[in-house]
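**Student:** Got a file for you: model_6.csv, CSV, C-alpha atoms and all ligand atoms.
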chain,number,residue,atom,x,y,z
A,4,MET,CA,30.2,16.0,21.5
A,5,ALA,CA,27.3,15.0,23.7
A,6,ASP,CA,28.2,12.5,26.3
A,7,GLU,CA,26.1,9.3,26.6
A,8,ARG,CA,26.9,9.1,30.3
A,9,GLN,CA,26.5,12.7,31.4
A,10,TYR,CA,22.7,12.8,31.8
A,11,ASP,CA,19.7,10.5,32.3
A,12,TRP,CA,18.9,10.8,28.6
A,13,ALA,CA,16.2,8.1,28.9
A,14,SER,CA,14.2,10.4,31.2
A,15,LEU,CA,14.0,12.8,28.2
A,16,GLY,CA,12.8,10.0,26.0
A,17,ILE,CA,16.2,9.9,24.2
A,18,ASP,CA,17.6,6.4,23.4
A,19,VAL,CA,21.4,6.7,23.1
A,20,THR,CA,21.8,3.0,22.2
A,21,LYS,CA,20.4,3.3,18.7
A,22,PRO,CA,21.1,5.9,16.0
A,23,SER,CA,18.4,8.6,15.6
A,24,ILE,CA,17.6,10.4,12.3
A,25,ALA,CA,18.0,13.9,13.8
A,26,ARG,CA,21.3,13.1,15.5
A,27,THR,CA,22.9,11.3,12.5
A,28,TYR,CA,21.9,14.4,10.4
A,29,ASP,CA,23.6,16.5,13.1
A,30,VAL,CA,26.8,14.4,12.6
A,31,VAL,CA,26.9,15.1,8.9
A,32,LEU,CA,26.3,18.8,9.6
A,33,ARG,CA,29.3,18.6,11.9
A,34,GLY,CA,27.2,19.5,14.9
A,35,LYS,CA,27.8,18.4,18.5
A,36,ASP,CA,24.5,17.0,19.6
A,37,ASN,CA,25.1,13.4,18.7
A,38,PHE,CA,26.4,10.2,20.2
A,39,GLU,CA,28.9,7.4,19.3
A,40,VAL,CA,26.2,5.2,17.9
A,41,ASP,CA,25.2,8.1,15.5
A,42,ARG,CA,28.8,8.7,14.4
A,43,ALA,CA,29.2,4.9,13.8
A,44,PHE,CA,26.2,5.0,11.5
A,45,VAL,CA,27.5,7.9,9.4
A,46,ASP,CA,30.9,6.1,9.1
A,47,GLU,CA,29.2,3.2,7.4
A,48,ILE,CA,27.3,5.5,5.0
A,49,ALA,CA,30.5,7.4,4.3
A,50,LYS,CA,32.1,4.2,3.1
A,51,ILE,CA,29.5,4.1,0.3
A,52,VAL,CA,29.0,7.9,-0.3
A,53,PRO,CA,32.1,9.7,1.0
A,54,GLU,CA,30.4,13.0,0.0
A,55,ILE,CA,27.6,12.5,2.5
A,56,TYR,CA,28.8,15.5,4.5
A,57,ASP,CA,28.6,17.7,1.3
A,58,VAL,CA,25.1,16.3,0.7
A,59,ALA,CA,23.9,17.6,4.1
A,60,ALA,CA,25.4,21.0,3.2
A,61,TYR,CA,23.6,21.0,-0.1
A,62,ASN,CA,20.3,20.3,1.7
A,63,ARG,CA,20.9,23.2,4.2
A,64,GLN,CA,21.8,25.5,1.3
A,65,ILE,CA,18.7,24.8,-0.6
A,66,LEU,CA,16.7,25.2,2.6
A,67,GLY,CA,18.1,28.7,2.9
A,68,ARG,CA,17.5,29.5,-0.8
A,69,GLY,CA,14.0,28.1,-0.7
A,70,VAL,CA,12.9,30.0,2.5
A,71,ARG,CA,14.5,33.2,1.2
A,72,TYR,CA,12.4,32.8,-2.0
A,73,LEU,CA,9.2,31.9,0.0
A,74,ALA,CA,9.5,34.9,2.4
A,75,GLY,CA,10.8,37.2,-0.3
A,76,GLU,CA,9.2,36.9,-3.8
A,77,ALA,CA,6.4,34.6,-2.7
A,78,GLY,CA,5.6,36.9,0.2
A,79,LEU,CA,4.8,34.1,2.8
A,80,ARG,CA,4.8,35.0,6.4
A,81,GLN,CA,4.0,31.6,8.0
A,82,PHE,CA,6.0,28.4,7.8
A,83,LEU,CA,5.3,24.9,9.0
A,84,ASP,CA,8.6,23.2,9.0
A,85,LEU,CA,8.0,19.4,9.4
A,86,GLY,CA,10.9,17.2,10.3
A,87,SER,CA,12.8,20.3,11.2
A,88,GLY,CA,15.8,18.6,12.9
A,89,LEU,CA,18.1,19.9,15.6
A,90,PRO,CA,18.8,23.6,15.5
A,91,THR,CA,21.9,24.4,13.5
A,92,VAL,CA,23.0,27.5,11.5
A,93,GLN,CA,20.5,29.5,9.4
A,94,ASN,CA,17.4,27.8,10.6
A,95,THR,CA,14.1,28.5,8.9
A,96,HIS,CA,13.1,31.2,11.4
A,97,GLN,CA,16.4,33.0,11.1
A,98,VAL,CA,16.2,33.0,7.3
A,99,ALA,CA,12.5,33.9,7.1
A,100,GLN,CA,12.7,36.6,9.8
A,101,SER,CA,15.8,38.1,8.2
A,102,VAL,CA,13.7,38.8,5.1
A,103,ALA,CA,10.4,39.6,7.0
A,104,PRO,CA,10.8,39.9,10.8
A,105,GLU,CA,7.1,39.3,11.3
A,106,SER,CA,7.4,35.7,9.9
A,107,ARG,CA,6.0,33.0,12.1
A,108,VAL,CA,7.6,29.5,12.1
A,109,VAL,CA,6.4,26.3,13.7
A,110,TYR,CA,9.0,23.5,13.8
A,111,VAL,CA,7.7,20.0,14.1
A,112,ASP,CA,9.8,16.9,14.8
A,113,ASN,CA,9.1,13.5,16.5
A,114,ASP,CA,12.5,13.3,18.0
A,115,PRO,CA,12.4,14.6,21.6
A,116,ILE,CA,16.0,15.8,21.3
A,117,VAL,CA,14.8,18.5,18.9
A,118,LEU,CA,12.4,19.9,21.5
A,119,ALA,CA,15.1,19.7,24.2
A,120,HIS,CA,17.5,21.8,22.2
A,121,GLY,CA,15.0,23.9,20.3
A,122,ARG,CA,13.4,25.3,23.4
A,123,ALA,CA,16.6,27.0,24.6
A,124,LEU,CA,17.2,28.5,21.1
A,125,LEU,CA,13.7,29.9,20.8
A,126,ALA,CA,13.1,31.1,24.3
A,127,GLU,CA,13.6,34.7,23.1
A,128,ASN,CA,11.5,34.4,19.9
A,129,GLU,CA,7.8,34.6,20.4
A,130,ARG,CA,7.0,34.1,16.7
A,131,THR,CA,8.7,30.7,16.6
A,132,THR,CA,7.9,27.5,18.4
A,133,VAL,CA,8.8,23.8,18.4
A,134,VAL,CA,6.2,21.0,18.6
A,135,THR,CA,6.9,17.3,19.2
A,136,ALA,CA,4.6,15.4,16.7
A,137,ASP,CA,4.6,12.8,14.0
A,138,VAL,CA,4.3,13.9,10.4
A,139,ARG,CA,2.5,10.5,9.8
A,140,GLU,CA,-0.4,12.1,11.7
A,141,PRO,CA,-0.9,15.3,9.7
A,142,GLU,CA,-4.5,15.8,11.0
A,143,ALA,CA,-3.2,16.0,14.6
A,144,ILE,CA,-0.5,18.5,13.6
A,145,LEU,CA,-3.0,20.7,11.9
A,146,ALA,CA,-5.2,20.6,15.0
A,147,ASN,CA,-2.4,21.1,17.5
A,148,GLU,CA,-3.0,24.1,19.7
A,149,GLU,CA,0.5,25.4,19.5
A,150,VAL,CA,0.5,25.1,15.7
A,151,ARG,CA,-2.8,27.0,15.5
A,152,ARG,CA,-1.5,29.7,17.8
A,153,LEU,CA,1.1,30.7,15.3
A,154,ILE,CA,-0.3,29.5,11.9
A,155,ASP,CA,-3.5,31.0,10.5
A,156,LEU,CA,-4.8,28.3,8.1
A,157,GLY,CA,-6.8,31.0,6.4
A,158,ARG,CA,-3.7,32.6,5.0
A,159,PRO,CA,-0.9,31.1,2.7
A,160,VAL,CA,1.5,28.8,4.5
A,161,GLY,CA,4.9,27.5,3.5
A,162,VAL,CA,4.7,23.8,4.1
A,163,MET,CA,8.2,22.4,4.4
A,164,LEU,CA,9.0,18.7,4.1
A,165,VAL,CA,12.7,19.1,3.7
A,166,GLY,CA,14.7,15.9,4.1
A,167,ILE,CA,11.9,14.0,5.8
A,168,LEU,CA,9.7,12.1,3.4
A,169,HIS,CA,12.4,9.5,2.6
A,170,HIS,CA,12.1,8.5,6.2
A,171,LEU,CA,8.5,7.3,5.5
A,172,HIS,CA,8.0,3.8,4.1
A,173,ASP,CA,5.6,3.4,1.2
A,174,ASP,CA,3.0,1.9,3.6
A,175,GLU,CA,3.2,5.1,5.7
A,176,LYS,CA,1.7,6.9,2.7
A,177,PRO,CA,3.8,10.0,2.2
A,178,GLN,CA,1.5,11.2,-0.6
A,179,ARG,CA,-1.4,11.1,1.9
A,180,VAL,CA,0.6,13.3,4.3
A,181,VAL,CA,1.3,15.8,1.6
A,182,ASP,CA,-2.3,15.8,0.4
A,183,VAL,CA,-3.8,16.3,3.9
A,184,LEU,CA,-1.4,19.2,4.6
A,185,MET,CA,-1.9,20.9,1.2
A,186,ASP,CA,-5.7,20.5,1.4
A,187,ALA,CA,-5.7,22.3,4.7
A,188,VAL,CA,-3.9,25.5,3.4
A,189,PRO,CA,-5.3,28.1,1.0
A,190,SER,CA,-4.3,29.1,-2.5
A,191,GLY,CA,-0.9,30.8,-2.6
A,192,SER,CA,0.5,28.3,-0.1
A,193,HIS,CA,3.7,26.6,-1.2
A,194,LEU,CA,5.1,23.1,-0.8
A,195,PHE,CA,8.8,22.6,-0.4
A,196,ILE,CA,10.3,19.1,-0.6
A,197,THR,CA,13.7,17.6,-0.7
A,198,SER,CA,14.3,13.8,-0.6
A,199,PHE,CA,16.9,11.2,-1.1
A,200,CYS,CA,16.8,10.0,-4.7
A,201,ALA,CA,17.7,6.6,-6.2
A,202,SER,CA,20.0,8.4,-8.7
A,203,SER,CA,23.0,6.0,-8.8
A,204,GLN,CA,24.2,2.6,-7.7
A,205,GLU,CA,25.8,4.2,-4.7
A,206,ALA,CA,22.4,5.7,-3.7
A,207,ILE,CA,20.8,2.3,-4.0
A,208,ASP,CA,23.6,0.8,-1.8
A,209,ALA,CA,23.2,3.6,0.7
A,210,GLU,CA,19.5,2.9,0.9
A,211,VAL,CA,20.2,-0.7,2.0
A,212,GLN,CA,22.4,0.6,4.8
A,213,TYR,CA,19.9,3.2,5.9
A,214,GLN,CA,17.1,0.6,6.1
A,215,GLY,CA,19.4,-2.0,7.8
A,216,LEU,CA,21.0,0.3,10.4
A,217,LEU,CA,18.5,3.1,10.9
A,218,GLY,CA,15.2,1.3,10.0
A,219,THR,CA,14.1,4.0,7.5
A,220,GLY,CA,15.3,5.4,4.2
A,221,ARG,CA,13.4,5.0,0.9
A,222,PHE,CA,15.3,6.6,-1.9
A,223,ARG,CA,12.7,7.4,-4.6
A,224,THR,CA,13.0,8.1,-8.3
A,225,PRO,CA,12.8,11.7,-9.6
A,226,GLU,CA,9.4,10.8,-11.0
A,227,GLU,CA,8.1,9.6,-7.6
A,228,ILE,CA,9.4,12.8,-5.9
A,229,GLU,CA,7.8,15.0,-8.6
A,230,HIS,CA,4.5,13.1,-8.1
A,231,TRP,CA,4.2,14.5,-4.6
A,232,PHE,CA,3.6,17.9,-6.2
A,233,ALA,CA,0.7,16.7,-8.3
A,234,GLY,CA,-2.1,19.3,-8.6
A,235,LEU,CA,0.3,22.1,-7.7
A,236,GLU,CA,2.2,24.6,-9.9
A,237,LEU,CA,5.8,23.4,-9.9
A,238,LEU,CA,8.1,26.3,-9.9
A,239,GLU,CA,11.1,26.5,-12.2
A,240,PRO,CA,13.5,24.6,-12.5
A,241,GLY,CA,11.2,21.7,-11.3
A,242,VAL,CA,12.4,18.8,-9.2
A,243,VAL,CA,16.2,18.7,-9.7
A,244,PRO,CA,19.4,17.7,-7.9
A,245,LEU,CA,19.7,20.1,-5.0
A,246,PRO,CA,22.7,22.2,-6.2
A,247,LEU,CA,20.7,23.0,-9.4
A,248,TRP,CA,17.7,24.5,-7.7
A,249,ARG,CA,18.0,28.3,-8.3
A,250,PRO,CA,21.8,28.3,-7.4
A,251,ASP,CA,23.2,31.5,-6.1
A,252,GLY,CA,26.7,30.7,-7.3
A,253,PRO,CA,28.5,28.6,-10.0
A,254,VAL,CA,27.1,25.2,-10.6
A,255,PRO,CA,29.2,22.1,-11.3
A,256,ASN,CA,29.6,21.1,-15.0
A,257,GLU,CA,29.4,17.4,-14.2
A,258,LEU,CA,27.3,16.1,-11.3
A,259,THR,CA,28.7,13.7,-8.9
A,260,VAL,CA,27.0,10.9,-6.9
A,261,GLY,CA,26.8,13.4,-4.0
A,262,HIS,CA,25.3,16.2,-6.0
A,263,LYS,CA,22.5,13.9,-7.2
A,264,LEU,CA,21.9,12.0,-3.9
A,265,MET,CA,19.0,14.4,-3.1
A,266,TYR,CA,16.4,16.0,-5.3
A,267,GLY,CA,14.0,18.8,-4.4
A,268,GLY,CA,11.7,21.5,-5.6
A,269,ILE,CA,9.0,24.0,-4.6
A,270,ALA,CA,5.4,24.3,-5.9
A,271,ARG,CA,2.6,26.8,-5.4
A,272,LYS,CA,-1.0,25.9,-4.6
A,273,PRO,CA,-3.2,27.5,-7.3
B,1,LIG,N1,14.5,19.6,7.7
B,1,LIG,C1,15.8,19.7,8.3
B,1,LIG,C2,16.8,19.9,7.1
B,1,LIG,O1,16.4,19.5,6.0
B,1,LIG,O2,17.8,20.5,7.4
B,1,LIG,C3,16.2,18.4,9.0
B,1,LIG,C4,16.1,17.1,8.2
B,1,LIG,S1,16.6,15.7,9.1
B,1,LIG,C5,17.4,14.8,7.9
B,1,LIG,C6,15.0,14.8,9.2
B,1,LIG,C7,14.2,15.1,10.5
B,1,LIG,O3,13.0,14.5,10.3
B,1,LIG,C8,14.9,14.5,11.7
B,1,LIG,O4,15.0,15.5,12.7
B,1,LIG,C9,13.9,13.5,12.2
B,1,LIG,O5,13.8,13.4,13.6
B,1,LIG,C10,12.6,14.0,11.6
B,1,LIG,N2,11.6,12.9,11.4
B,1,LIG,C11,11.7,11.7,10.8
B,1,LIG,N3,10.6,11.0,10.8
B,1,LIG,C12,9.7,11.9,11.4
B,1,LIG,C13,8.3,11.7,11.6
B,1,LIG,N4,7.6,10.6,11.3
B,1,LIG,N5,7.6,12.8,12.2
B,1,LIG,C14,8.3,13.9,12.5
B,1,LIG,N6,9.6,14.1,12.3
B,1,LIG,C15,10.3,13.1,11.7
Let me see the file written as structure tokens.
**Tutor:**
Amino acid sequence: MADERQYDWASLGIDVTKPSIARTYDVVLRGKDNFEVDRAFVDEIAKIVPEIYDVAAYNRQILGRGVRYLAGEAGLRQFLDLGSGLPTVQNTHQVAQSVAPESRVVYVDNDPIVLAHGRALLAENERTTVVTADVREPEAILANEEVRRLIDLGRPVGVMLVGILHHLHDDEKPQRVVDVLMDAVPSGSHLFITSFCASSQEAIDAEVQYQGLLGTGRFRTPEEIEHWFAGLELLEPGVVPLPLWRPDGPVPNELTVGHKLMYGGIARKP
């Protein structure tokens, strides 16, 4: 585990006194780049949804299946992965480049810990980069020099908002973020979203804890999530609980709270 006392984290812009979204996600992925305050937050969530660790795994699994589809059948060679999180196993660039080695990937996150760890991982990979920026300012991301160096906005892009839009409050206008990004990319681009879903009483209780302890977390209805794809061609099977999106193994007969805690889907820009 990372040690709160080992470094001058503050000099890197990293606050070890409050849980961070990227680090709490690292806890549920059973990573080691997190602090006591992050683990304490996850303990509270696990009291409501004990399957929270499985939920993180479902999200990483759909990320892998989705990127394999985008780089494979959909033929995309450029990926803008927004709210990319700390590097873990089977990151977007590893999945995409295993299908098509020429794939370019830009990771964007507003947590400085992502850049600190991402730089080391990507030092050897010239087709992949990490940018520190805020998804609530999509125009700035599209204009960012490092983004433009790797992403040609004249060619189809895989726009990924995987596990991030539920961290935007309604007044931060997630639909606007989606629309600005999708307006900037050409026909044939794809939008890939996963999000916490208000699919059970436990989900609604977890939302209260997220907002109270983390300051963000808006669990939306399936209809609200589907609306983000308006104007695009939603691919089969639509916006569904994560384990049901193009599964590559057996699917559960009956869905649990954990299976349904996040919904997701992919759409193509016509
Ligand atoms: N996309 C990865 C995945 O699904 O495995 C990581 C998801 S993680 C749950 C959400 C990430 O979004 C965190 O790393 C967090 O720092 C980032 N994030 C949250 N709000 C953000 C914002 N406004 N701008 C950029 N990144 C943000």
**Student:** Tell me which of A:Ala59, A:Val162, A:Val117, A:Val133 sits closest to Leu184 in chain A, counting all atoms listed in the file.
**Tutor:**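 Of A:Ala59, A:Val162, A:Val117, A:Val133, the one nearest Leu184 in chain A is A:Val162, counting all atoms listed in the file.
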**Student:** Rank nothing, just name the residue among A:Gly161, A:Leu217, A:Gly34, A:Leu89 nearest to Gly75 in chain A, using all atoms listed in the file.
**Tutor:**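 Closest candidate: A:Gly161.
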**Student:** If we draw a sphere of 10 Å around (17.7, 7.3, -8.3), which residues have at least one atom in it when counting all atoms listed in the file? Please report them as an MDAnalysis selection string.
**Tutor:** chainID A and resid 199:207 222:227 263:266
**Student:** Show which residues sit within 12 Å of Arg63 in chain A, as a compact mmCIF listing (two decimals) with C-alpha atoms, in the frame of the given file. Count all atoms listed in the file, and ignore same-chain residues fewer than 6 positions away.
**Tutor:**
# COMPACT_ATOMS: atom_id res chain seq x y z
CA TYR A 28 21.90 14.40 10.40
CA ASP A 29 23.60 16.50 13.10
CA VAL A 31 26.90 15.10 8.90
CA LEU A 32 26.30 18.80 9.60
CA TYR A 56 28.80 15.50 4.50
CA ASP A 57 28.60 17.70 1.30
CA GLY A 69 14.00 28.10 -0.70
CA VAL A 70 12.90 30.00 2.50
CA SER A 87 12.80 20.30 11.20
CA GLY A 88 15.80 18.60 12.90
CA PRO A 90 18.80 23.60 15.50
CA THR A 91 21.90 24.40 13.50
CA VAL A 92 23.00 27.50 11.50
CA GLN A 93 20.50 29.50 9.40
CA ASN A 94 17.40 27.80 10.60
CA THR A 95 14.10 28.50 8.90
CA VAL A 98 16.20 33.00 7.30
CA VAL A 165 12.70 19.10 3.70
CA GLY A 166 14.70 15.90 4.10
CA THR A 197 13.70 17.60 -0.70
CA LEU A 245 19.70 20.10 -5.00
CA PRO A 246 22.70 22.20 -6.20
CA MET A 265 19.00 14.40 -3.10
CA GLY A 267 14.00 18.80 -4.40
**Student:** Which residues form the shell of 7 Å around ligand LIG 1 (chain B) when you count only C-alpha atoms and all ligand atoms, given as a list in words?
**Tutor:** Ser23, Ile24, Ala25, Tyr28, Asn62, Arg63, Leu66, Leu85, Gly86, Ser87, Gly88, Leu89, Val111, Asp112, Asn113, Asp114, Val117, Ala136, Asp137, Val138, Arg139, Leu164, Val165, Gly166, Ile167, His170 and Leu171 of chain A
**Student:** Would you work out the distance separating CA of Glu76 in chain A from CA of Thr131 in chain A, expressed in Å to one decimal?
**Tutor:** 21.3 Å
**Student:** State, in Å with one decimal place, the distance from CA of Leu79 in chain A to CA of Leu125 in chain A.
**Tutor:**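 Those two atoms sit 20.5 Å apart.
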**Student:** Just checking: using only C-alpha atoms, which residue out of A:Asp6, A:Asp46, A:Asp155, A:Asp173 ends up closest to Val188 in chain A?
**Tutor:**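 So, comparing all the options, the nearest one is A:Asp155.
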**Student:** Taking (13.4, 3.4, 5.8) in the file's coordinates, which residues come within 10 Å, counting only C-alpha atoms, written as a list in words?
**Tutor:**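 Residues with an atom close enough to that point: Leu168, His169, His170, Leu171, His172, Asp173, Glu210, Val211, Gln212, Tyr213, Gln214, Gly215, Leu216, Leu217, Gly218, Thr219, Gly220, Arg221 and Phe222 of chain A.
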**Student:** So how far away is CA of Gly78 in chain A from CA of Asp186 in chain A, in Å?
**Tutor:**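 Going from CA of Asp186 in chain A over to CA of Gly78 in chain A, I get 20.0 Å.
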**Student:** Here is a test: counting all atoms listed in the file, which residue of A:Leu83, A:Ala123, A:Ala103, A:Leu237 is nearest to Met163 in chain A?
**Tutor:**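 Among A:Leu83, A:Ala123, A:Ala103, A:Leu237, it is A:Leu83 that comes nearest to Met163 in chain A.
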